[in-house]
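Data first, discussion second: the structure below is written as structure tokens.
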Amino acid sequence: MALLNNIKIFRPHQWLKNLMIFFPPFLGGALLTPGVLSRGIVPFAAFCCASSSVYIFNDIIDIQQDRAHPVKKFRPLPAGAVTVPVASGVSCLLLVTATLLGYFVSTSFLLLLLAYLAVSWSYTLWFKHLPLFDIFCIASGFLFRLLAGGEAFGIAVSEWLFLSVFLLAIFLSTGKRLGEKGYLGRYAGVHRKALDTYPDGFLDGTMYMTGGAVLVTYTLYVIAHHRLRFTVPLCCFGLLRYILRVKSGREGDPTDSLLKDPILFLVGVAWVAATAWGLYSG
């Protein structure tokens with residue numbers, strides 16, 4: 001049980017986000033080139049260590065607040081299954097490991113990794129309490145991973161891909177906040193101050209606006225890769241499914257939504273398969 005709790009503080013299911021590092025070679029048609037996949041192991045491990053270090057740091061800072069949360073109170077730290085000194089030590093060890101791994105990739109990759117850490121720490125300490133800043137900080141994590149992937153593999157990230165990922169990140173971050181606000185109800189501001197500062201309808205409008213913008217920018221990106229045109233309906237369906245999920249009162253965390261919603265998960269798998277077919281078949 002102790003080992004399980006120690007593993008849980010890493011939040012390994014959130015490492016799914018770090019697969020964003022492989023987007024540049026995957027969408028660039030280079031993922032199956034000999035040596036490319038193995039080249040991504042160290043960058044992926046670096047971001048897994050960095051993100052887990054951030055999650056543990058966040059749990060340490062919010063431990064008292066999380067103890068009053070209906071879901072977060074079951075996490076190892078607020079539940080008392082893991083002590084703060086142990087968690088602090090693990091977080092520092094992961095931070096050092098992530099930095100060393102990043103150094104071995106390249107200087108530019110390390111700078112992007114450190115920028116990710118700096119924004120994440122700032123979010124935990126200050127920006128999570130400020131409206132809009134909280135959403136943009138969460139969204140920046142996706143962009144740092146994308147750009148770091150481009151640097152690690154030596155592949156330029158196109159303008160349309162950058163814009164699509166940026167808008168998708170804002171869309172998902174907004175959905176996450178909207179899901180929290182709906183789930184916590186009148187206690188939302190107690191658990192997260194920023195939720196009380198968003199006027200009624202603001203998060204809904206932002207989610208709809210950015211969702212539409214994602215579909216437009218992704219379609220424009222696909223125009224340059226005509227064999228990917230069949231992925232546009234999948235993208236549209238996935239966006240609408242996520243909105244339906246959030247507006248139905250279920251959680252909006254991107255990773256949890258993907259793993260816990262079978263339909264959304266299948267759409268994601270279908271998108272990967274259709275994209276792979278379009279880029280790598282013939």
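Just remember, in the structure tokens the first chain shown is A, the second B, etc., residues are 1-based per chain, and ligands are 1-based in the order shown.
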
Considering only C-alpha atoms, give me a table of residues in stretch 38-95 of chain A that are at most 8 Å from stretch 118-137 of chain A, with the closest atom pair and distance in Å for each, as a tab-separated table.
residue	atom	partner	partner_atom	distance
A:Val54	CA	A:Ser120	CA	6.7
A:Asn58	CA	A:Thr124	CA	5.7
A:Ile61	CA	A:Thr124	CA	7.6

Shell of 12 Å around A:Arg67, only C-alpha atoms, local chain residues under 3 positions omitted, as number ranges by chain
A: 59-64, 70-80, 191

What lies within 9 Å of A:Tyr183 using only C-alpha atoms, ignoring chain neighbours under 3 positions off, as a ChimeraX atom specification?
/A:178-180,188,249-251

When distances are computed from only C-alpha atoms, which of A:Asn18, A:Ser38, A:Asn6, A:Thr99 shows the smallest separation from A:Leu147?
A:Asn18

Nearby residues (only C-alpha atoms) at most 8 Å from stretch 255-268 of chain A, same-chain spacing under 6 positions excluded, as an MDAnalysis selection string:
chainID A and resid 13:14 16:17 234 237:238 241:242

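With atom CA of A:Ala68 on one side and atom CA of A:Ile138 on the other, the separation reads 22.9 Å.
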
Atom pair atom CA of A:Leu184 / atom CA of A:His69: separation (Å)
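One can read the atom CA of A:Leu184 to atom CA of A:His69 distance as 8.8 Å.
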
Could you give me, as a PyMOL selection string, the residues within 12 Å of A:Ala46, counting only C-alpha atoms and dropping anything in the same chain fewer than 4 positions from it?
chain A and resi 15+18-19+21+40-42+50-53+94-106+109-110+112-114+116-117+145+148-149+152
